[in-house]
Amino acid sequence: RWAIPESTGLELPLLELGRASGDLLASTDLNAVRSCPGRDCDWLFLDPRGRRRWCTMAVCGNRAKARRHAARRKGA
C-alpha cells in the first residue's frame, strides 16, 4: 500500500500522478483499463465495474456534454 507523505503542497499533484500510475501498472485486471475518449485527452484510467466513460467527469465528461448541448441548441 502506498502512502503519500505530508508535503508543502506543490509536489502533491506529482505524488498523485505517481500513485495513480502505480495503481494502473499494478492492476491485475487489464480488461479494466480504459482510454478516455475526450478530445485531446490521452489519459488511461481503471474502470473495474465497466461503467465509467471519461477519465474525469469534471473535465472531459463535462466538456463533451457542453459540446453536445451547444450543438443541440444551435440546431434547434
# chains A, B, ... in the order shown; residues from 1 in each chain; ligands from 1
call {"tool": "select_by_dssp", "arguments": {"residues": "range 4-55 of chain A", "states": "helix (DSSP H, G or I)", "output": "VMD selection string"}}
result
chain A and resid 12 to 26 30 to 32
call {"tool": "write_last_selection", "arguments": {"atoms": "C-alpha atoms", "output": "mmCIF file, in the first residue's frame"}}
result
data_model
loop_
_atom_site.group_PDB
_atom_site.id
_atom_site.type_symbol
_atom_site.label_atom_id
_atom_site.label_comp_id
_atom_site.auth_asym_id
_atom_site.auth_seq_id
_atom_site.Cartn_x
_atom_site.Cartn_y
_atom_site.Cartn_z
ATOM 1 C CA LEU A 12 1.103 16.821 -4.327
ATOM 2 C CA PRO A 13 -0.013 16.700 -7.989
ATOM 3 C CA LEU A 14 3.167 14.843 -8.899
ATOM 4 C CA LEU A 15 2.722 12.434 -5.999
ATOM 5 C CA GLU A 16 -0.902 11.818 -7.018
ATOM 6 C CA LEU A 17 0.177 11.145 -10.588
ATOM 7 C CA GLY A 18 2.764 8.670 -9.304
ATOM 8 C CA ARG A 19 0.178 6.945 -7.112
ATOM 9 C CA ALA A 20 -2.340 6.695 -9.936
ATOM 10 C CA SER A 21 0.332 5.393 -12.318
ATOM 11 C CA GLY A 22 1.369 2.790 -9.766
ATOM 12 C CA ASP A 23 -2.232 1.635 -9.344
ATOM 13 C CA LEU A 24 -2.605 1.321 -13.108
ATOM 14 C CA LEU A 25 0.653 -0.591 -13.546
ATOM 15 C CA ALA A 26 -0.065 -2.896 -10.610
ATOM 16 C CA LEU A 30 -6.054 -5.282 -17.698
ATOM 17 C CA ASN A 31 -9.572 -5.509 -19.119
ATOM 18 C CA ALA A 32 -10.473 -2.728 -16.668
#
call {"tool": "select_by_dssp", "arguments": {"residues": "chain A", "states": "strand (DSSP E or B)", "output": "list in words"}}
result
Val33, Arg34, Ser35, Leu44, Phe45 and Leu46 of chain A
call {"tool": "atom_distance", "arguments": {"atom1": "CA of Asp47 in chain A", "atom2": "CA of Ala64 in chain A"}}
result
19.0 Å
call {"tool": "atom_distance", "arguments": {"atom1": "CA of Arg49 in chain A", "atom2": "CA of Arg63 in chain A"}}
result
23.2 Å
call {"tool": "residues_around", "arguments": {"residues": "Asp40 in chain A", "least_positions_apart": "2", "cutoff": "12 Å", "atoms": "only C-alpha atoms", "output": "PyMOL selection string"}}
result
chain A and resi 35-38+42-43+59-60+63-64
call {"tool": "atom_distance", "arguments": {"atom1": "CA of Arg53 in chain A", "atom2": "CA of Arg34 in chain A"}}
result
8.2 Å
call {"tool": "residues_around", "arguments": {"residues": "Val33 in chain A", "least_positions_apart": "6", "cutoff": "7 Å", "atoms": "only C-alpha atoms", "output": "PyMOL selection string"}}
result
chain A and resi 44-47
